[in-house]
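Below is one structure, written out as structure tokens, with a few remarks after it.
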Amino acid sequence: VSAGVAGGNDFQWCFSQVKGAIDEDVAEADIISTVEFNYSGELLATGDKGGRVVIFQHEQESKNRPHLRGEYNVYSTFQSHEPEFDYLKSLEIEEKINKIRWLPQQNAAHFLLSTNDKTIKLWKISERDKRAEGYNLKDEDGRLRDPFRITSLRVPVLMPMDLMVEASPRRIFANAHTYHINSISVNSDHETYLSADDLRINLWHLEITDRSFNIVDIKPANMEELTEVITAAECHPHQCNVFVYSSSKGTIRLCDMRAAALCDRHSKFFEEPEDPSSRSFFSEIISSISDVKFSHSGRYMMTRDYLSVKVWDLNMENRPVETYQVHEYLRSKLCSLYENDCIFDKFECCWNGSDSAIMTGSYNNFFRMFDRNTRRDITLEASRESSKPRATLKPRKVSTGGKRKKDEISVDSLDFNKKILHTAWHPKDNVIAVAATNNLYIFQDKIN
Amino acid sequence: MIMKGQKRKLPPEDVEVSDRTSLAWESQRQFVFSVSLSKYQRGQELPEPSLRRSVLIANTLRQISLEPCRAPPVDMELSLQSLPCSSTSTVQAKEWDNTHGGTVTMQNNHLTLASPPLVSSCSSRRSHASVPLCSEDEDWESMSTDPDFSLSAAISSILSSLDSTIDGSSQTAARTPLRALENLSDGGVSALKQGLRWSGGNWEQPEECRARENISVEAMRSSYLGDLTVDDLFQDIDTSLLERDMGGMWRGSADGHSAGDDLLRYLPSFTSSQSFSLSLNQKCLPSFSSFSPSSSSLSLPLPTPSLFSNPSLMRDGLELDHLMEILVES
């Protein structure tokens with residue numbers, strides 16, 4: 001992965017594909033709620049509000065056009081979660097897929113975990129391209145023959161058939177969360193995974209569905225005293241005993257499962273002291289962390305709050321090592337954003353394969369990339385207008401001062417309904433997937 | 001979301017208010033408070049409110065009620081002393097939108113009127129040597145036990161938002177300043193704290209009220225009330241609005257006399273001492289269980305920084321009542 005992925009002189013992002021309906025009327029069920037590449041990058045999974053999972057597979061580069069990367073085409077589509085009704089509380093449980101996490105591939109089949117607010121499911125996606133034929137057990141009309149009439153033994157033969165991709169639920173992990181699940185994370189031991197809701201984190205074994213281990217519980221004895229909730233959690237990529245969870249107060253706690261069965265006491269506590277000069281009534285809300293991601297190296301972690309992305313060194317708890325402003329021009333608009341609820345939007349963030357760049361979304365279908373080495377940043381837009389094949393994406397700019405330059409867009413013209421909450425970066429290549437409401441955009445670097 | 005009585009307009013970007021005049025800050029604070037309150041209420045009405053959102057809104061509400069007590073940053077202290085009534089908040093005014101885009105003129109009319117209560121509260125606050133300068137990180141529990149702790153701005157904002165609910169329109173008539181709510185200590189805060197309970201979803205209902213703190217109110221003397229009759233108190237009130245909005249709270253006739261009885265019950269200590277308890281003592285307040293959930297859908301319009309004449313003080317006590325009821329009921 002080359003350096004300078006954000007605004008570098010020789011680096012440019014260009015449009016590759018867009019998936020999803022074009023028309024203006026967006027069905028609520030089609031809104032993409034999570035995007036995730038698998039470990040090799042060959043597969044790209046999306047989940048939507050309707051509880052469906054769509055998996056795209058990367059096709060090999062065609063011989064005719066070797067200068068292009070292959071495309072992602074639909075590989076499998078299945079209904080992961082259905083709406084449920086909790087009869088005890090008279091509440092409907094949304095089928096919206098909150099998170100998808102792939103398991104490392106161990107055989108020909110692919111496994112992924114998908115979760116809604118309450119239930120996690122392990123899905124096996126397998127291919128079938130052969131069929132057994134030649135049975136002599138049935139008549140021509142399909143009725144079973146009388147065994148006494150079968151006089152010869154015929155072994156069926158495997159014949160090729162059209163490729164069929166099947167998705168089947170192998171495990172259902174249910175009834176372990178009272179509150180809404182916001183995160184799942186597969187452990188590096190490939191045997192366990194954690195699931196986090198607003199107040200608790202549970203540890204599961206992938207083979208065992210009827211019980212889970214509660215490892216974090218921040219529910220106060222008196223719910224009146226509740227002032228903080230868990231917003232995200234992730235397992236360390238290499239140390240299977242370490243995980244982190246973030247809170248609505250802008251703190252991150254790193255816990256070591258070897259220290260105690262219940263990890264209520266953190267091993268490390270990450271919090272940046274508040275800048276008193278920028279304090280406002282919304283300070284807490286905008287400090288609420290919406291996503292936390294370890295770097296691939298395991299040395300750093302990244303957090304996303306409302307206005308910024310911060311990179312933390314796990315060895316330094318008192319402040320982040322890098323802070324990137326995503327849309328600082330919104331700081332003076334916090335009152336309006338609070339009124340229209342945009343201030344509660346939860347943006348995700350992601351690393352590139354080499355941890356040299358990070359990406360996160362913004363409003364108006366803008367997304368931002370920051371190069372950690374060159375300190376350059378770039379704002380790009382996921383829009384149909386710039387969706388010509390291999391068209392280079394033009395950097396976008398939001399004008400903050402009085403004078404608006406040509407091609408700039410003013411803050412007041414931003415469309416706050418077009419928000420990019422979910423993005424994913426290919427684990428090896430410069431290919432990114434950006435979810436814009438009901439459309440999935442795939443961008444890649446320009447191969448010269 | 002369009003609030004009742006509010007002209008729908010995106011608040012313009014705020015010009016940096018370097019002097020942090022109390023008016024701009026106060027109006028913004030009231031705006032955020034009313035928005036927070038309506039969001040909180042609407043969230044609680046949902047079958048399953050988002051816990052994170054509810055916690056953040058409640059924390060914001062709590063913080064707003066605490067703002068007057070917060071110490072300014074070090075560089076602000078000098079300017080604080082020089083201003084007749086500067087906010088003791090560390091809120092950076094430049095971050096606020098101008099929330100009164102449509103009612104700027106209203107604000108200007110209130111410019112002189114709005115400041116006096118805060119001036120007097122500030123001066124009285126300074127006269128209380130025991131009032132500590134709160135550090136930003138100070139636990140508000142310890143602050144709430146300080147009997148001299150003043151929350152006049154918080155209470156006035158609550159009441160002003162309720163005031164505009166009742167009246168339905170901005171008040172332009174000159175009113176005397178709200179001297180009566182000077183030196184309110186944290187009773188309002190504790191009331192808010194008690195009121196901000198979680199319900200619905202997986203939150204539990206509180207089983208008992210917390211310990212109460214007494215507040216001393218200079219101007220709330222027994223003689224003050226003795227001059228008024230119940231009729232005088234309610235002559236300004238449009239009780240039809242009250243009936244609709246307060247639902248089961250108003251058990252009596254439309255003219256509100258029974259509510260007046262409730263009010264007099266609510267303020268028992270006036271006749272005996274100068275202490276005014278803003279507690280949620282169930283014995284003092286009308287029954288919360290009679291408050292019907294459907295009436296909690298009242299939307300608080302953008303509050304104007306109106307002031308209170310003496311009769312309206314009593315009405316505001318009722319409205320505070322109503323507000324606490326909403327919070328506790330939810």
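We label chains A, B, ... in the order they appear in the structure tokens, count residues from 1 in each chain, and number ligands from 1 in the order shown.
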TODO: Give the residues of chain A that lie within 8 Å of chain B; count only C-alpha atoms, and format the answer as a PyMOL selection string.
DONE: chain A and resi 89+91+178-179+198+223-224+226-229+231+248+276-282+284-285+331-336+339-340+344
- [ ] Please provide as a ChimeraX atom specification all residues within 12 Å of Ala108 (chain A), with the sequence filter that same-chain residues fewer than 3 positions apart are discarded (counting only C-alpha atoms).
- [x] /A:104-105,111,124-128,165
With N, CA and C atoms kept, could you save the residues just selected as a PDB file, in the first residue's frame?
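Contents of the output file selection_8.pdb:
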ATOM      1  N   PRO A 104     -11.961 -15.487  10.572  1.00  0.00           N
ATOM      2  CA  PRO A 104     -10.864 -15.859   9.672  1.00  0.00           C
ATOM      3  C   PRO A 104     -11.222 -17.179   8.984  1.00  0.00           C
ATOM      4  N   GLN A 105     -10.836 -17.273   7.723  1.00  0.00           N
ATOM      5  CA  GLN A 105     -11.260 -18.441   6.958  1.00  0.00           C
ATOM      6  C   GLN A 105     -10.420 -19.644   7.333  1.00  0.00           C
ATOM      7  N   PHE A 111     -17.362 -17.809   7.187  1.00  0.00           N
ATOM      8  CA  PHE A 111     -18.242 -17.612   8.329  1.00  0.00           C
ATOM      9  C   PHE A 111     -18.263 -16.148   8.710  1.00  0.00           C
ATOM     10  N   LYS A 124     -22.885 -19.488   7.937  1.00  0.00           N
ATOM     11  CA  LYS A 124     -21.911 -20.189   7.107  1.00  0.00           C
ATOM     12  C   LYS A 124     -22.297 -19.944   5.657  1.00  0.00           C
ATOM     13  N   ILE A 125     -21.341 -19.452   4.916  1.00  0.00           N
ATOM     14  CA  ILE A 125     -21.589 -19.216   3.482  1.00  0.00           C
ATOM     15  C   ILE A 125     -20.716 -20.193   2.725  1.00  0.00           C
ATOM     16  N   SER A 126     -21.361 -21.080   2.021  1.00  0.00           N
ATOM     17  CA  SER A 126     -20.601 -22.131   1.342  1.00  0.00           C
ATOM     18  C   SER A 126     -21.056 -22.245  -0.103  1.00  0.00           C
ATOM     19  N   GLU A 127     -20.184 -22.771  -0.891  1.00  0.00           N
ATOM     20  CA  GLU A 127     -20.460 -22.925  -2.315  1.00  0.00           C
ATOM     21  C   GLU A 127     -20.814 -24.367  -2.608  1.00  0.00           C
ATOM     22  N   ARG A 128     -21.678 -24.470  -3.545  1.00  0.00           N
ATOM     23  CA  ARG A 128     -21.996 -25.814  -4.014  1.00  0.00           C
ATOM     24  C   ARG A 128     -21.939 -25.768  -5.534  1.00  0.00           C
ATOM     25  N   VAL A 165     -24.485 -20.498  -4.048  1.00  0.00           N
ATOM     26  CA  VAL A 165     -23.922 -20.052  -2.776  1.00  0.00           C
ATOM     27  C   VAL A 165     -25.022 -20.132  -1.732  1.00  0.00           C
TER      28      VAL A 165
END
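CA of Ala233 (chain A) lies 15.3 Å from CA of Phe213 (chain A).
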- [ ] Determine which residues of region 282-356 of chain A receive a DSSP assignment of helix (DSSP H, G or I), computed from the backbone, and state them as a ChimeraX atom specification.
- [x] /A:283-287,328-339,342-344
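By chain and then residue number, the residues within 6 Å of Ala435 (chain A) are His422, Asn439 and Leu440 of chain A, counting only C-alpha atoms and disregarding those fewer than 4 positions away in sequence.
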Ile208 (chain A) environment, 9 Å, only C-alpha atoms, sequence neighbours closer than 3 positions dropped, as a short mmCIF file (atom, residue, chain, number, x, y, z; two decimals) with C-alpha atoms, in the first residue's frame:
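out_16.cif, freshly written:
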data_model
loop_
_atom_site.label_atom_id
_atom_site.label_comp_id
_atom_site.auth_asym_id
_atom_site.auth_seq_id
_atom_site.Cartn_x
_atom_site.Cartn_y
_atom_site.Cartn_z
CA ARG A 171 -25.38 -20.73 15.64
CA PHE A 173 -26.65 -16.53 20.28
CA TRP A 204 -18.98 -16.02 23.97
CA HIS A 205 -17.51 -19.19 22.67
CA ARG A 211 -24.45 -19.35 27.79
CA SER A 212 -22.07 -16.46 27.72
#
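When CA of Asp445 (chain A) is paired with CA of Gly353 (chain A), their separation reads 13.8 Å.
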TODO: Identify, on the basis of only C-alpha atoms, every residue whose closest approach to Glu381 (chain A) does not exceed 9 Å; exclude the query and any residue fewer than 5 positions from it along the same chain; express the result as a ChimeraX atom specification.
DONE: /A:364-368,386,393-396
Take the residues from that selection and write them out as a PDB file, in the first residue's frame, keeping N, CA, C and O atoms.
ATOM      1  N   ASN A 364     -23.416  15.385   3.912  1.00  0.00           N
ATOM      2  CA  ASN A 364     -23.447  15.736   2.487  1.00  0.00           C
ATOM      3  C   ASN A 364     -22.779  14.653   1.641  1.00  0.00           C
ATOM      4  O   ASN A 364     -22.225  14.926   0.582  1.00  0.00           O
ATOM      5  N   ASN A 365     -22.797  13.438   2.142  1.00  0.00           N
ATOM      6  CA  ASN A 365     -22.121  12.316   1.472  1.00  0.00           C
ATOM      7  C   ASN A 365     -20.623  12.535   1.305  1.00  0.00           C
ATOM      8  O   ASN A 365     -19.997  11.979   0.402  1.00  0.00           O
ATOM      9  N   PHE A 366     -20.071  13.367   2.176  1.00  0.00           N
ATOM     10  CA  PHE A 366     -18.615  13.545   2.182  1.00  0.00           C
ATOM     11  C   PHE A 366     -17.991  12.491   3.086  1.00  0.00           C
ATOM     12  O   PHE A 366     -18.577  12.069   4.081  1.00  0.00           O
ATOM     13  N   PHE A 367     -16.783  12.110   2.716  1.00  0.00           N
ATOM     14  CA  PHE A 367     -15.986  11.298   3.629  1.00  0.00           C
ATOM     15  C   PHE A 367     -14.564  11.824   3.589  1.00  0.00           C
ATOM     16  O   PHE A 367     -14.129  12.443   2.625  1.00  0.00           O
ATOM     17  N   ARG A 368     -13.882  11.567   4.677  1.00  0.00           N
ATOM     18  CA  ARG A 368     -12.585  12.197   4.861  1.00  0.00           C
ATOM     19  C   ARG A 368     -11.515  11.132   5.056  1.00  0.00           C
ATOM     20  O   ARG A 368     -11.753  10.100   5.681  1.00  0.00           O
ATOM     21  N   SER A 386     -20.407  11.941  -9.740  1.00  0.00           N
ATOM     22  CA  SER A 386     -19.012  11.600 -10.010  1.00  0.00           C
ATOM     23  C   SER A 386     -18.858  10.096 -10.125  1.00  0.00           C
ATOM     24  O   SER A 386     -17.880   9.520  -9.681  1.00  0.00           O
ATOM     25  N   LEU A 393     -11.915  11.110  -8.493  1.00  0.00           N
ATOM     26  CA  LEU A 393     -12.702  11.895  -7.559  1.00  0.00           C
ATOM     27  C   LEU A 393     -12.020  13.228  -7.315  1.00  0.00           C
ATOM     28  O   LEU A 393     -10.818  13.296  -7.051  1.00  0.00           O
ATOM     29  N   LYS A 394     -12.859  14.239  -7.360  1.00  0.00           N
ATOM     30  CA  LYS A 394     -12.315  15.568  -7.142  1.00  0.00           C
ATOM     31  C   LYS A 394     -12.401  15.899  -5.653  1.00  0.00           C
ATOM     32  O   LYS A 394     -13.445  15.674  -5.031  1.00  0.00           O
ATOM     33  N   PRO A 395     -11.348  16.415  -5.093  1.00  0.00           N
ATOM     34  CA  PRO A 395     -11.416  16.785  -3.679  1.00  0.00           C
ATOM     35  C   PRO A 395     -12.474  17.853  -3.454  1.00  0.00           C
ATOM     36  O   PRO A 395     -12.645  18.751  -4.285  1.00  0.00           O
ATOM     37  N   ARG A 396     -13.150  17.764  -2.346  1.00  0.00           N
ATOM     38  CA  ARG A 396     -14.194  18.713  -2.022  1.00  0.00           C
ATOM     39  C   ARG A 396     -13.736  19.601  -0.889  1.00  0.00           C
ATOM     40  O   ARG A 396     -12.849  19.249  -0.114  1.00  0.00           O
TER      41      ARG A 396
END
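The list of residues with at least one atom within 6 Å of Asn214 (chain A), based on only C-alpha atoms and without residues fewer than 2 positions apart in the same chain, reads A:Ile201, A:Asn202, A:Val216.
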Produce a file of the selected residues containing N, CA, C and O atoms, as a PDB file, in the first residue's frame.
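Saved file again-v4.pdb follows:
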ATOM      1  N   ILE A 201     -20.900  -6.161  28.621  1.00  0.00           N
ATOM      2  CA  ILE A 201     -20.143  -6.849  27.571  1.00  0.00           C
ATOM      3  C   ILE A 201     -20.082  -8.325  27.926  1.00  0.00           C
ATOM      4  O   ILE A 201     -19.773  -8.681  29.071  1.00  0.00           O
ATOM      5  N   ASN A 202     -20.394  -9.142  26.939  1.00  0.00           N
ATOM      6  CA  ASN A 202     -20.390 -10.593  27.150  1.00  0.00           C
ATOM      7  C   ASN A 202     -19.334 -11.247  26.273  1.00  0.00           C
ATOM      8  O   ASN A 202     -19.065 -10.803  25.155  1.00  0.00           O
ATOM      9  N   VAL A 216     -18.049  -7.345  31.521  1.00  0.00           N
ATOM     10  CA  VAL A 216     -18.129  -5.946  31.944  1.00  0.00           C
ATOM     11  C   VAL A 216     -19.589  -5.638  32.225  1.00  0.00           C
ATOM     12  O   VAL A 216     -20.467  -5.987  31.440  1.00  0.00           O
TER      13      VAL A 216
END
